[in-house]
file my_file.cif (mmCIF, C-alpha atoms)
data_target
loop_
_atom_site.label_atom_id
_atom_site.label_comp_id
_atom_site.auth_asym_id
_atom_site.auth_seq_id
_atom_site.Cartn_x
_atom_site.Cartn_y
_atom_site.Cartn_z
CA MET P 295 4.94 86.10 1.01
CA THR P 296 7.60 85.32 3.61
CA PRO P 297 8.14 81.58 3.91
CA ALA P 298 7.34 80.08 7.29
CA SER P 299 10.45 79.49 9.35
CA SER P 300 11.34 75.86 9.97
CA PRO P 301 10.95 74.63 13.54
CA SER P 302 14.06 74.73 15.68
CA PRO P 303 15.89 71.40 15.98
CA VAL P 304 15.42 69.09 18.94
CA ALA P 305 18.19 67.48 20.98
CA VAL P 306 17.68 64.60 23.41
CA VAL P 307 20.32 64.08 26.10
CA THR P 308 20.29 61.11 28.45
CA GLY P 309 21.80 61.25 31.92
CA ALA P 310 21.26 65.00 31.70
CA ALA P 311 20.58 65.95 35.31
CA ARG P 312 24.22 66.75 36.01
CA GLY P 313 27.77 66.55 34.75
CA ILE P 314 28.49 66.13 31.05
CA GLY P 315 24.82 65.53 30.27
CA LEU P 316 23.70 68.76 31.91
CA ALA P 317 26.48 70.76 30.24
CA SER P 318 25.53 69.27 26.87
CA ALA P 319 21.86 70.07 27.34
CA GLN P 320 22.83 73.65 28.17
CA TRP P 321 25.02 73.83 25.02
CA PHE P 322 22.09 72.80 22.84
CA LEU P 323 19.77 75.26 24.55
CA ASP P 324 22.31 78.05 24.03
CA HIS P 325 22.58 77.18 20.33
CA GLY P 326 18.90 77.37 19.49
CA TYR P 327 17.81 73.78 20.02
CA ARG P 328 14.76 72.61 21.86
CA VAL P 329 16.01 70.18 24.48
CA ALA P 330 14.74 67.05 26.17
CA ARG P 331 16.61 65.82 29.23
CA LEU P 332 16.26 62.20 30.27
CA ASP P 333 17.48 60.96 33.65
CA ASN P 334 16.38 58.37 36.19
CA HIS P 335 17.13 60.70 39.12
CA GLU P 336 13.98 62.81 39.39
CA ALA P 337 15.27 64.91 42.29
CA ALA P 338 18.45 65.80 40.37
CA LEU P 339 16.40 66.75 37.31
CA LYS P 340 14.24 69.06 39.38
CA ALA P 341 17.25 70.59 41.11
CA SER P 342 18.83 71.55 37.77
CA ALA P 343 15.65 72.53 35.93
CA ILE P 344 15.85 76.34 36.07
CA ALA P 345 17.17 76.81 32.54
CA PHE P 346 14.83 74.12 31.20
CA SER P 347 11.55 75.29 32.68
CA ASP P 348 9.99 76.71 29.48
CA PRO P 349 7.80 73.88 28.10
CA SER P 350 7.92 75.33 24.59
CA ILE P 351 11.65 74.67 24.33
CA ALA P 352 12.45 72.10 27.01
CA ARG P 353 11.14 68.90 28.54
CA ASP P 354 12.43 66.77 31.40
CA VAL P 355 11.52 63.08 31.41
CA VAL P 356 12.29 60.66 34.22
CA CYS P 357 13.59 57.60 32.41
CA ASP P 358 15.80 54.62 33.14
CA VAL P 359 17.50 54.01 29.79
CA SER P 360 18.07 50.34 30.61
CA ASP P 361 14.30 49.74 30.70
CA PRO P 362 12.78 49.30 27.21
CA ALA P 363 9.29 50.26 28.39
CA GLN P 364 10.49 53.51 29.94
CA VAL P 365 12.48 54.39 26.82
CA GLU P 366 9.46 53.78 24.59
CA ALA P 367 7.31 55.94 26.89
CA ALA P 368 9.86 58.75 26.69
CA VAL P 369 9.92 58.59 22.90
CA ALA P 370 6.13 58.74 22.76
CA ALA P 371 6.02 61.76 25.07
CA LEU P 372 8.66 63.66 23.11
CA ALA P 373 7.17 62.76 19.73
CA HIS P 374 3.87 64.20 20.93
CA GLN P 375 5.46 67.41 22.23
CA PHE P 376 8.16 68.14 19.65
CA GLY P 377 7.34 65.90 16.69
CA ARG P 378 10.99 65.40 15.77
CA VAL P 379 14.46 64.58 17.03
CA ASP P 380 17.59 65.91 15.35
CA ALA P 381 20.30 65.00 17.86
CA LEU P 382 20.62 62.25 20.44
CA VAL P 383 23.38 62.20 23.05
CA ASN P 384 23.64 58.83 24.78
CA ASN P 385 25.36 60.00 27.93
CA ALA P 386 23.69 58.06 30.77
CA GLY P 387 26.22 55.91 32.54
CA VAL P 388 27.08 54.21 35.82
CA ALA P 389 30.24 52.68 37.25
CA VAL P 390 31.36 50.06 39.71
CA PHE P 391 35.06 50.22 40.55
CA LYS P 392 36.22 46.86 41.90
CA PRO P 393 38.84 44.24 41.12
CA ILE P 394 37.70 41.61 38.62
CA GLY P 395 37.47 38.89 41.24
CA GLN P 396 35.30 41.03 43.50
CA THR P 397 32.91 42.25 40.81
CA THR P 398 29.66 40.32 41.02
CA PHE P 399 27.63 39.35 37.99
CA GLU P 400 24.84 41.60 39.27
CA GLU P 401 27.26 44.55 39.32
CA TRP P 402 28.53 43.62 35.86
CA ARG P 403 24.97 43.58 34.50
CA TYR P 404 24.11 46.84 36.31
CA VAL P 405 26.91 48.61 34.45
CA MET P 406 26.26 46.93 31.10
CA SER P 407 22.51 47.49 31.19
CA THR P 408 22.89 51.27 31.45
CA ASN P 409 26.16 51.95 29.64
CA LEU P 410 25.66 49.59 26.69
CA ASP P 411 22.04 48.44 26.61
CA GLY P 412 20.89 52.02 27.17
CA VAL P 413 22.78 53.25 24.11
CA PHE P 414 21.30 50.44 22.02
CA LEU P 415 17.73 50.96 23.28
CA CYS P 416 17.65 54.76 23.01
CA SER P 417 19.23 54.84 19.57
CA GLN P 418 16.88 52.19 18.25
CA ALA P 419 13.86 53.98 19.71
CA PHE P 420 14.69 57.53 18.57
CA VAL P 421 15.98 56.74 15.07
CA PRO P 422 12.48 56.53 13.53
CA LEU P 423 11.81 60.13 14.65
CA MET P 424 15.13 61.18 13.13
CA LYS P 425 14.22 59.51 9.85
CA GLN P 426 10.95 61.44 9.74
CA SER P 427 12.95 64.68 9.95
CA GLY P 428 15.33 63.62 7.19
CA GLY P 429 18.25 62.51 9.36
CA GLY P 430 20.21 63.66 12.36
CA ALA P 431 23.19 62.91 14.56
CA ILE P 432 23.88 60.57 17.46
CA VAL P 433 26.80 61.00 19.83
CA ASN P 434 27.57 58.13 22.18
CA ILE P 435 29.62 58.94 25.27
CA ALA P 436 32.36 56.34 25.61
CA SER P 437 35.43 56.93 27.78
CA ILE P 438 39.17 56.86 27.71
CA SER P 439 38.65 53.77 29.89
CA GLY P 440 37.27 52.07 26.79
CA LEU P 441 40.59 52.63 25.01
CA ARG P 442 43.11 52.08 27.81
CA ALA P 443 42.79 49.34 30.41
CA SER P 444 43.09 50.38 34.03
CA THR P 445 42.64 48.81 37.42
CA LEU P 446 39.17 48.42 38.95
CA ARG P 447 37.37 49.09 35.66
CA VAL P 448 36.52 45.66 34.31
CA ALA P 449 32.80 46.41 33.91
CA TYR P 450 33.02 50.15 33.18
CA GLY P 451 35.94 49.94 30.75
CA THR P 452 34.51 46.94 28.92
CA SER P 453 31.13 48.62 28.56
CA LYS P 454 32.72 51.73 27.08
CA ALA P 455 34.87 49.70 24.68
CA ALA P 456 31.68 48.03 23.49
CA VAL P 457 30.07 51.47 23.00
CA VAL P 458 32.94 52.38 20.65
CA HIS P 459 32.22 49.38 18.42
CA LEU P 460 28.46 49.84 18.65
CA THR P 461 29.02 53.38 17.39
CA LYS P 462 30.72 52.04 14.26
CA GLN P 463 27.94 49.52 13.68
CA GLN P 464 25.34 52.26 13.96
CA ALA P 465 27.28 54.58 11.67
CA VAL P 466 27.44 51.93 8.96
CA GLU P 467 23.73 51.07 9.12
CA TYR P 468 22.18 54.46 9.86
CA GLY P 469 24.36 56.46 7.49
CA GLN P 470 22.16 55.58 4.53
CA ASP P 471 19.29 57.25 6.38
CA GLY P 472 21.21 60.49 6.81
CA ILE P 473 21.97 59.75 10.46
CA ARG P 474 25.58 60.24 11.53
CA VAL P 475 26.84 58.38 14.61
CA ASN P 476 30.05 59.26 16.42
CA ALA P 477 31.50 58.79 19.89
CA ILE P 478 33.30 60.96 22.40
CA ALA P 479 35.88 59.46 24.76
CA PRO P 480 36.35 61.94 27.60
CA GLY P 481 39.47 61.76 29.71
CA PRO P 482 39.50 62.99 33.32
CA VAL P 483 36.97 65.79 33.64
CA GLU P 484 36.32 68.32 36.41
CA THR P 485 33.03 66.98 37.69
CA GLU P 486 31.51 67.04 41.13
CA MET P 487 32.16 63.30 41.44
CA ALA P 488 35.82 63.69 40.45
CA ARG P 489 36.31 66.40 43.03
CA GLN P 490 34.86 64.13 45.69
CA VAL P 491 36.67 60.87 44.91
CA HIS P 492 39.98 61.94 43.34
CA SER P 493 42.50 62.48 46.11
CA PRO P 494 45.39 64.93 45.65
CA ALA P 495 47.64 61.95 44.86
CA ILE P 496 45.27 60.69 42.16
CA ARG P 497 44.96 64.16 40.65
CA LYS P 498 48.75 64.48 40.55
CA ASP P 499 49.04 61.13 38.80
CA TYR P 500 46.53 62.22 36.17
CA HIS P 501 48.19 65.59 35.70
CA ASP P 502 51.55 63.86 35.19
CA ALA P 503 50.06 61.55 32.54
CA ILE P 504 48.10 64.21 30.62
CA PRO P 505 50.22 66.36 28.29
CA LEU P 506 48.00 69.40 28.92
CA ASN P 507 48.65 68.84 32.65
CA ARG P 508 45.05 69.36 33.73
CA TYR P 509 41.55 67.90 33.78
CA GLY P 510 39.06 68.85 31.09
CA THR P 511 36.01 70.99 31.78
CA LEU P 512 32.39 70.07 31.27
CA GLU P 513 32.07 72.91 28.77
CA GLU P 514 34.95 71.54 26.68
CA ILE P 515 33.30 68.13 26.44
CA ALA P 516 29.91 69.65 25.64
CA ALA P 517 31.40 71.78 22.87
CA CYS P 518 32.82 68.70 21.16
CA ILE P 519 29.50 66.90 21.45
CA GLY P 520 27.74 69.92 19.99
CA PHE P 521 30.22 70.08 17.11
CA LEU P 522 29.59 66.44 16.19
CA CYS P 523 25.85 67.13 16.13
CA SER P 524 26.19 70.31 14.08
CA PRO P 525 26.31 70.87 10.30
CA ALA P 526 30.02 71.65 10.71
CA ALA P 527 30.55 67.89 11.16
CA SER P 528 28.26 66.89 8.28
CA TYR P 529 30.80 64.44 6.80
CA VAL P 530 32.02 62.98 10.09
CA ASN P 531 30.57 59.53 10.70
CA GLY P 532 31.67 56.46 12.63
CA GLN P 533 34.48 58.25 14.43
CA LEU P 534 35.78 58.29 17.99
CA LEU P 535 37.03 61.62 19.30
CA ALA P 536 39.16 61.38 22.44
CA VAL P 537 38.69 64.61 24.39
CA ASP P 538 41.41 63.94 26.91
CA GLY P 539 44.19 66.51 26.74
CA GLY P 540 46.43 63.96 25.00
CA PHE P 541 46.07 61.29 27.69
CA ASP P 542 45.55 58.43 25.23
CA ALA P 543 48.43 59.61 23.05
CA SER P 544 50.98 59.85 25.87
CA GLY P 545 53.54 57.12 26.40
CA ILE P 546 55.42 55.53 29.24
CA GLY P 547 57.89 57.84 30.97
CA LEU P 548 56.25 61.10 29.93
CA PRO P 549 56.41 62.71 33.42
CA SER P 550 60.14 61.99 33.74
CA LEU P 551 60.87 63.18 30.21
CA ARG P 552 58.88 66.37 30.86
CA ALA P 553 60.92 67.05 34.00
CA THR P 554 64.20 66.93 32.04
CA GLY P 555 62.87 68.36 28.79
CA SER P 556 61.95 71.84 27.63
#

call {"tool": "encode", "arguments": {"input": "my_file.cif", "output": "structure tokens"}}
result
Amino acid sequence: MTPASSPSPVAVVTGAARGIGLASAQWFLDHGYRVARLDNHEAALKASAIAFSDPSIARDVVCDVSDPAQVEAAVAALAHQFGRVDALVNNAGVAVFKPIGQTTFEEWRYVMSTNLDGVFLCSQAFVPLMKQSGGGAIVNIASISGLRASTLRVAYGTSKAAVVHLTKQQAVEYGQDGIRVNAIAPGPVETEMARQVHSPAIRKDYHDAIPLNRYGTLEEIAACIGFLCSPAASYVNGQLLAVDGGFDASGIGLPSLRATGS
């Protein structure tokens, strides 16, 4: 008798209507996962739903990850449909770019509630489903802004720095349950938002500071997320992977040295 095949794994991606989240959801779909996309922008979910329209392998859920009730409702819906979760990508994020003195407490809390509270709430809510399946992997999306201070990023950068430490806390506690937790820190990435808000001068500044002399692609970020969720990374836990073309490693004076170097 041929043994019954095990059900395909399930990946949950938050903030998955566009950008890194959408690219990650597509990576999982392409690699045999069933995929659940969570996002609080219903119109954006619908606009990008073509590849995720088969209910046997995909599910879109409108969910604000900063709202505990909405997160719990999403978990209940996905538990009923798929019965398991093997990978969770905490990607949902927002930003307010203002000087410290002009950033209101309401704006501070807006950023923290999604970027930090959302990671805490979703991880806590989905871990029991992972335990039922014997373990899994969580990837939290931090940012190079959580490693290097920059202007106008007091709320965003601080929230992402906190995500890095939260990742380590989760790795220590969830590791005994067979759940690995790691973080990705993307550098500048070719997204629709970057193309809209990064002027030619800003792009030149980034290119000068990045040893690879370019922005990353959504597919490159998604591939690293997928790797950390895959069996190939089975002994990787509590780590931060900067996917930034060497931006965090570069030092002062790199553009000038490059101009006179090889």

call {"tool": "resolve_selection", "arguments": {"input": "my_file.cif", "expression": "the PyMOL selection byres ((chain P and resi 535) around 7)", "output": "ChimeraX atom specification"}}
result
/P:477-479,533-534,536-537

call {"tool": "residues_around", "arguments": {"input": "my_file.cif", "residues": "Gly510 in chain P", "least_positions_apart": "3", "cutoff": "8 Å", "atoms": "all atoms listed in the file", "output": "list in words"}}
result
Gly481, Pro482, Val483, Glu484, Glu514, Ile515, Val537, Asp538 and Gly539 of chain P

call {"tool": "residues_around", "arguments": {"input": "my_file.cif", "residues": "Val365 in chain P", "least_positions_apart": "2", "cutoff": "10 Å", "atoms": "only C-alpha atoms", "output": "PyMOL selection string"}}
result
chain P and resi 332+355-363+367-371+412+415-420

call {"tool": "closest_residue", "arguments": {"input": "my_file.cif", "among": "P:Ser524, P:Glu513, P:Asn409, P:Arg378", "to": "Ser300 in chain P", "atoms": "only C-alpha atoms"}}
result
P:Arg378

call {"tool": "resolve_selection", "arguments": {"input": "my_file.cif", "expression": "the PyMOL selection byres ((chain P and resi 336) around 9)", "output": "ChimeraX atom specification"}}
result
/P:311,333-335,337-341,355-357

call {"tool": "resolve_selection", "arguments": {"input": "my_file.cif", "expression": "the PyMOL selection byres ((chain P and resi 427) around 12)", "output": "JSON, numbers by chain"}}
result
{"P": [300, 301, 302, 303, 304, 373, 376, 377, 378, 379, 380, 381, 420, 421, 422, 423, 424, 425, 426, 428, 429, 430, 431, 471, 472, 473]}

call {"tool": "closest_residue", "arguments": {"input": "my_file.cif", "among": "P:Pro494, P:Pro505, P:Gly469, P:Pro480", "to": "Asn531 in chain P", "atoms": "all atoms listed in the file"}}
result
P:Gly469

call {"tool": "residues_near_point", "arguments": {"input": "my_file.cif", "point": "(50.9, 71.8, 27.8)", "cutoff": "12 Å", "atoms": "only C-alpha atoms", "output": "list in words"}}
result
His501, Asp502, Ala503, Ile504, Pro505, Leu506, Asn507, Arg508, Tyr509, Gly539, Gly540, Phe541, Arg552 and Ser556 of chain P

call {"tool": "atom_distance", "arguments": {"input": "my_file.cif", "atom1": "CA of Leu382 in chain P", "atom2": "CA of Arg474 in chain P"}}
result
10.4 Å

call {"tool": "atom_distance", "arguments": {"input": "my_file.cif", "atom1": "CA of Ser342 in chain P", "atom2": "CA of Ala305 in chain P"}}
result
17.3 Å

call {"tool": "atom_distance", "arguments": {"input": "my_file.cif", "atom1": "CA of Val458 in chain P", "atom2": "CA of Gly395 in chain P"}}
result
25.0 Å

call {"tool": "closest_residue", "arguments": {"input": "my_file.cif", "among": "P:Ala516, P:Ala449, P:Ile438, P:Ala352", "to": "Gln396 in chain P", "atoms": "all atoms listed in the file"}}
result
P:Ala449
